[in-house]
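Chemist: Below is the file structure_21.cif, which contains mmCIF, C-alpha atoms.
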data_run
#
loop_
_atom_site.group_PDB
_atom_site.id
_atom_site.type_symbol
_atom_site.label_atom_id
_atom_site.label_comp_id
_atom_site.auth_asym_id
_atom_site.auth_seq_id
_atom_site.Cartn_x
_atom_site.Cartn_y
_atom_site.Cartn_z
ATOM 1 C CA MET A 1 279.351 185.253 21.022
ATOM 2 C CA THR A 2 282.123 184.092 23.233
ATOM 3 C CA ASP A 3 283.627 180.712 24.019
ATOM 4 C CA ALA A 4 283.279 180.476 27.771
ATOM 5 C CA GLY A 5 286.677 179.466 29.044
ATOM 6 C CA GLY A 6 287.434 177.132 26.163
ATOM 7 C CA ASP A 7 284.860 174.567 27.291
ATOM 8 C CA GLY A 8 283.351 174.276 23.795
ATOM 9 C CA ARG A 9 280.163 176.117 24.775
ATOM 10 C CA TRP A 10 279.362 179.389 23.077
ATOM 11 C CA HIS A 11 277.336 181.953 24.988
ATOM 12 C CA ARG A 12 275.502 185.029 23.762
ATOM 13 C CA ALA A 13 277.505 188.107 24.603
ATOM 14 C CA SER A 14 275.636 191.032 23.094
ATOM 15 C CA ARG A 15 271.903 190.292 22.893
ATOM 16 C CA PRO A 16 269.572 189.629 25.779
ATOM 17 C CA ALA A 17 268.045 186.168 25.722
ATOM 18 C CA ALA A 18 264.498 186.191 24.371
ATOM 19 C CA PRO A 19 262.019 183.673 25.715
ATOM 20 C CA GLY A 20 263.134 180.302 24.370
ATOM 21 C CA ALA A 21 266.411 181.723 23.057
ATOM 22 C CA ALA A 22 269.524 179.585 23.187
ATOM 23 C CA THR A 23 271.757 180.063 26.135
ATOM 24 C CA HIS A 24 274.545 177.966 24.687
ATOM 25 C CA ILE A 25 275.824 176.177 21.611
ATOM 26 C CA ARG A 26 277.879 173.042 22.052
ATOM 27 C CA ARG A 27 279.327 170.147 20.105
ATOM 28 C CA ALA A 28 276.880 167.280 19.768
ATOM 29 C CA GLY A 29 277.670 163.834 21.102
ATOM 30 C CA VAL A 30 276.222 160.524 19.971
ATOM 31 C CA GLY A 31 273.684 160.844 22.791
ATOM 32 C CA ASP A 32 272.225 163.864 20.960
ATOM 33 C CA ALA A 33 271.436 161.876 17.791
ATOM 34 C CA ASP A 34 267.867 161.112 18.873
ATOM 35 C CA ALA A 35 267.002 164.774 19.453
ATOM 36 C CA VAL A 36 268.854 165.906 16.313
ATOM 37 C CA GLY A 37 267.138 163.291 14.116
ATOM 38 C CA ARG A 38 263.706 164.247 15.424
ATOM 39 C CA PHE A 39 264.521 167.953 15.094
ATOM 40 C CA GLN A 40 265.553 167.533 11.449
ATOM 41 C CA VAL A 41 262.353 165.689 10.527
ATOM 42 C CA ARG A 42 260.282 168.410 12.229
ATOM 43 C CA ALA A 43 262.299 171.176 10.520
ATOM 44 C CA TRP A 44 261.702 169.635 7.098
ATOM 45 C CA GLU A 45 257.964 169.279 7.841
ATOM 46 C CA GLN A 46 257.698 172.906 8.954
ATOM 47 C CA THR A 47 259.776 174.311 6.121
ATOM 48 C CA TYR A 48 259.002 172.163 3.096
ATOM 49 C CA ARG A 49 255.484 170.694 3.454
ATOM 50 C CA GLY A 50 253.638 171.965 0.365
ATOM 51 C CA ILE A 51 256.914 172.617 -1.477
ATOM 52 C CA VAL A 52 258.596 169.215 -1.487
ATOM 53 C CA PRO A 53 256.450 166.322 -2.701
ATOM 54 C CA ASP A 54 254.426 164.882 0.197
ATOM 55 C CA ALA A 55 255.613 161.374 -0.724
ATOM 56 C CA PHE A 56 259.216 162.429 -0.051
ATOM 57 C CA LEU A 57 258.400 163.918 3.364
ATOM 58 C CA ASP A 58 256.095 161.047 4.309
ATOM 59 C CA ALA A 59 258.839 158.529 3.523
ATOM 60 C CA ARG A 60 261.292 160.182 5.933
ATOM 61 C CA SER A 61 261.739 157.971 8.951
ATOM 62 C CA VAL A 62 262.623 159.405 12.332
ATOM 63 C CA ARG A 63 264.442 156.159 13.174
ATOM 64 C CA SER A 64 266.635 156.286 10.055
ATOM 65 C CA GLY A 65 267.341 159.965 10.733
ATOM 66 C CA ILE A 66 268.440 159.189 14.275
ATOM 67 C CA ASP A 67 270.667 156.360 13.040
ATOM 68 C CA ARG A 68 272.151 158.576 10.296
ATOM 69 C CA TRP A 69 272.949 161.372 12.792
ATOM 70 C CA ALA A 70 274.436 158.911 15.287
ATOM 71 C CA GLU A 71 276.770 157.595 12.601
ATOM 72 C CA ARG A 72 277.721 161.095 11.410
ATOM 73 C CA ILE A 73 278.597 162.142 14.948
ATOM 74 C CA ARG A 74 280.311 158.857 15.906
ATOM 75 C CA SER A 75 282.458 158.723 12.762
ATOM 76 C CA GLY A 76 283.331 162.416 12.816
ATOM 77 C CA VAL A 77 282.320 162.748 9.169
ATOM 78 C CA ARG A 78 280.360 165.781 10.337
ATOM 79 C CA GLN A 79 281.105 168.289 13.045
ATOM 80 C CA VAL A 80 277.691 168.811 14.622
ATOM 81 C CA LEU A 81 276.655 171.653 16.904
ATOM 82 C CA VAL A 82 273.426 171.948 18.861
ATOM 83 C CA ALA A 83 271.882 175.093 20.325
ATOM 84 C CA GLU A 84 269.878 174.657 23.502
ATOM 85 C CA SER A 85 267.648 176.893 25.549
ATOM 86 C CA SER A 86 268.178 177.331 29.253
ATOM 87 C CA ASP A 87 265.701 174.491 29.883
ATOM 88 C CA GLY A 88 267.628 172.125 27.566
ATOM 89 C CA SER A 89 265.219 172.329 24.621
ATOM 90 C CA LEU A 90 266.883 171.929 21.243
ATOM 91 C CA LEU A 91 266.535 175.154 19.263
ATOM 92 C CA GLY A 92 269.005 174.652 16.431
ATOM 93 C CA VAL A 93 271.437 172.335 14.703
ATOM 94 C CA ALA A 94 274.364 173.044 12.419
ATOM 95 C CA SER A 95 276.821 170.652 10.833
ATOM 96 C CA THR A 96 279.866 170.960 8.645
ATOM 97 C CA THR A 97 282.028 168.571 6.732
ATOM 98 C CA ARG A 98 285.403 168.936 5.081
ATOM 99 C CA ALA A 99 286.179 167.686 1.609
ATOM 100 C CA SER A 100 289.028 165.205 1.408
ATOM 101 C CA SER A 101 290.041 166.871 -1.847
ATOM 102 C CA VAL A 102 289.254 170.311 -3.213
ATOM 103 C CA GLN A 103 286.497 170.024 -5.783
ATOM 104 C CA GLU A 104 285.221 172.470 -8.360
ATOM 105 C CA ASP A 105 287.352 175.232 -6.866
ATOM 106 C CA LEU A 106 285.208 175.180 -3.715
ATOM 107 C CA PRO A 107 286.416 175.833 -0.182
ATOM 108 C CA ASP A 108 287.003 172.563 1.643
ATOM 109 C CA LEU A 109 284.480 173.472 4.387
ATOM 110 C CA GLU A 110 280.837 172.715 3.599
ATOM 111 C CA LEU A 111 277.967 173.887 5.755
ATOM 112 C CA ALA A 112 275.834 170.763 5.425
ATOM 113 C CA THR A 113 273.070 171.604 7.913
ATOM 114 C CA LEU A 114 271.594 174.694 9.518
ATOM 115 C CA TYR A 115 268.148 174.312 11.126
ATOM 116 C CA VAL A 116 266.580 176.659 13.662
ATOM 117 C CA ASP A 117 263.292 176.151 15.483
ATOM 118 C CA PRO A 118 260.677 178.772 14.520
ATOM 119 C CA VAL A 119 260.482 179.977 18.158
ATOM 120 C CA ALA A 120 264.080 181.168 17.768
ATOM 121 C CA HIS A 121 263.659 182.871 14.382
ATOM 122 C CA GLY A 122 264.685 186.497 14.563
ATOM 123 C CA THR A 123 266.760 186.047 17.722
ATOM 124 C CA GLY A 124 270.158 185.863 16.014
ATOM 125 C CA LEU A 125 270.507 182.162 16.747
ATOM 126 C CA ALA A 126 270.964 181.211 13.083
ATOM 127 C CA SER A 127 273.792 183.741 12.779
ATOM 128 C CA ASP A 128 275.363 182.451 15.985
ATOM 129 C CA LEU A 129 275.165 178.843 14.768
ATOM 130 C CA LEU A 130 276.621 179.786 11.388
ATOM 131 C CA GLU A 131 279.553 181.561 13.052
ATOM 132 C CA ALA A 132 280.130 178.749 15.545
ATOM 133 C CA ALA A 133 280.041 176.140 12.772
ATOM 134 C CA THR A 134 282.237 177.919 10.226
ATOM 135 C CA GLY A 135 284.346 180.206 12.390
ATOM 136 C CA GLY A 136 284.225 182.738 9.575
ATOM 137 C CA GLU A 137 286.152 180.405 7.244
ATOM 138 C CA ASP A 138 285.572 180.241 3.528
ATOM 139 C CA ALA A 139 282.729 177.784 3.041
ATOM 140 C CA HIS A 140 280.128 176.503 0.620
ATOM 141 C CA LEU A 141 276.622 175.084 0.914
ATOM 142 C CA LEU A 142 273.595 173.956 -1.075
ATOM 143 C CA VAL A 143 270.247 175.723 -0.662
ATOM 144 C CA PHE A 144 266.928 175.027 -2.384
ATOM 145 C CA SER A 145 266.138 177.734 -4.944
ATOM 146 C CA VAL A 146 262.615 178.076 -3.498
ATOM 147 C CA ASN A 147 263.922 178.788 0.016
ATOM 148 C CA LEU A 148 264.011 182.559 -0.335
ATOM 149 C CA GLY A 149 264.433 183.212 3.382
ATOM 150 C CA ALA A 150 267.522 181.005 3.569
ATOM 151 C CA ARG A 151 268.948 182.585 0.425
ATOM 152 C CA ARG A 152 268.528 186.086 1.949
ATOM 153 C CA PHE A 153 270.126 184.905 5.185
ATOM 154 C CA TYR A 154 273.170 183.433 3.422
ATOM 155 C CA ARG A 155 273.593 186.529 1.258
ATOM 156 C CA ARG A 156 273.637 188.700 4.421
ATOM 157 C CA HIS A 157 276.465 186.498 5.662
ATOM 158 C CA GLY A 158 278.633 186.902 2.567
ATOM 159 C CA PHE A 159 277.582 183.854 0.538
ATOM 160 C CA VAL A 160 276.882 184.235 -3.183
ATOM 161 C CA PRO A 161 275.449 181.753 -5.679
ATOM 162 C CA VAL A 162 277.887 180.133 -8.094
ATOM 163 C CA GLY A 163 277.155 178.000 -11.128
ATOM 164 C CA ALA A 164 273.851 176.774 -12.447
ATOM 165 C CA PRO A 165 271.183 175.273 -10.198
ATOM 166 C CA GLN A 166 271.159 171.492 -10.022
ATOM 167 C CA LEU A 167 268.261 169.127 -9.512
ATOM 168 C CA ASP A 168 268.059 167.406 -6.133
ATOM 169 C CA PRO A 169 267.020 163.857 -7.076
ATOM 170 C CA GLY A 170 265.176 163.160 -3.816
ATOM 171 C CA THR A 171 262.932 166.207 -3.794
ATOM 172 C CA GLY A 172 262.824 167.174 -7.459
ATOM 173 C CA LEU A 173 263.711 170.750 -6.472
ATOM 174 C CA ASP A 174 266.462 172.921 -7.864
ATOM 175 C CA GLU A 175 269.247 173.654 -5.412
ATOM 176 C CA GLU A 176 271.984 176.225 -5.720
ATOM 177 C CA ARG A 177 275.607 176.138 -4.624
ATOM 178 C CA TRP A 178 276.542 179.224 -2.579
ATOM 179 C CA VAL A 179 280.089 180.151 -1.604
ATOM 180 C CA ARG A 180 281.623 182.569 0.884
ATOM 181 C CA ARG A 181 285.255 183.571 0.433
ATOM 182 C CA SER A 182 287.050 186.042 2.618
ATOM 183 C CA SER A 183 289.070 187.184 -0.384
ATOM 184 C CA GLY A 184 285.991 187.558 -2.619
ATOM 185 C CA LEU A 185 285.166 185.448 -5.666
#
I'd like the structure from this file rewritten - as structure tokens, please.
Modeler:
Amino acid sequence: MTDAGGDGRWHRASRPAAPGAATHIRRAGVGDADAVGRFQVRAWEQTYRGIVPDAFLDARSVRSGIDRWAERIRSGVRQVLVAESSDGSLLGVASTTRASSVQEDLPDLELATLYVDPVAHGTGLASDLLEAATGGEDAHLLVFSVNLGARRFYRRHGFVPVGAPQLDPGTGLDEERWVRRSSGL
């Protein structure tokens, strides 16, 4: 991927665009909160229905998700990227946050969000979003233990699990901390 002239938009350099594939990745603005909030709710439905308790998924409000994303973007607490197809359809979202203080010997960069629409699975978009969001820096993330596809993806990108799984209180699922360090663990 290349940054086209420093305009903040990343463009695919090496792979041809598949139907529905992203043509660019850009920083999200507050005006993107509606699409990002709706995208996240849909991603959770597609990925976790039947795994996460239905009551948890059913209680998720699109409106509260939109408001939460608007605040994250407005405040800068998260750096949010969106991947769009040539027709402007949202195909992926990634967000990172930085710790104000180093905790538990973790890198200060946390990959907080990485969602890709199923139509873009297998196109390299998730890898492109990960690279655009982290810039190859040392980073950490949480991933549900049951999400084997995500765990394989993160392992391919140099992340390894550290520590014992912890219980996510909202879903009741175990989640694992994964870390990527350029110098190794």
Chemist: Report as a PyMOL selection string the residues that result from applying the PyMOL selection byres ((chain A and resi 107) around 7) to the structure here.
Modeler: chain A and resi 102+105-106+108-109+138-140
Chemist: How would you write as a list in words the residues that get within 9 Å of (261.8, 163.6, 15.6) in the file's frame, counting only C-alpha atoms?
Modeler: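 Checked against the point, the hits come out as Asp34, Ala35, Val36, Gly37, Arg38, Phe39, Gln40, Val41, Arg42, Ser61, Val62, Arg63, Gly65 and Ile66 of chain A.
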Chemist: Interatomic distance between CA of Gly149 in chain A and CA of Arg72 in chain A?
Modeler: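 Rounded to one decimal, the two atoms are 27.0 Å apart.
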Chemist: Hey, can you check how far CA of Asp117 in chain A sits from CA of Leu91 in chain A?
Modeler: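 Interatomic distance, CA of Asp117 in chain A to CA of Leu91 in chain A: 5.1 Å.
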Chemist: Can you pull out the residues contacting Arg27 in chain A? Cut-off 7 Å, using only C-alpha atoms, and skip same-chain residues under 2 positions away; I want them as an mmCIF file with C-alpha atoms, in the frame of the given file.
Modeler:
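What follows is the written file result_10.cif:
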data_model
loop_
_atom_site.group_PDB
_atom_site.id
_atom_site.type_symbol
_atom_site.label_atom_id
_atom_site.label_comp_id
_atom_site.auth_asym_id
_atom_site.auth_seq_id
_atom_site.Cartn_x
_atom_site.Cartn_y
_atom_site.Cartn_z
ATOM 1 C CA GLY A 8 283.351 174.276 23.795
ATOM 2 C CA GLY A 29 277.670 163.834 21.102
ATOM 3 C CA VAL A 80 277.691 168.811 14.622
ATOM 4 C CA LEU A 81 276.655 171.653 16.904
ATOM 5 C CA VAL A 82 273.426 171.948 18.861
#
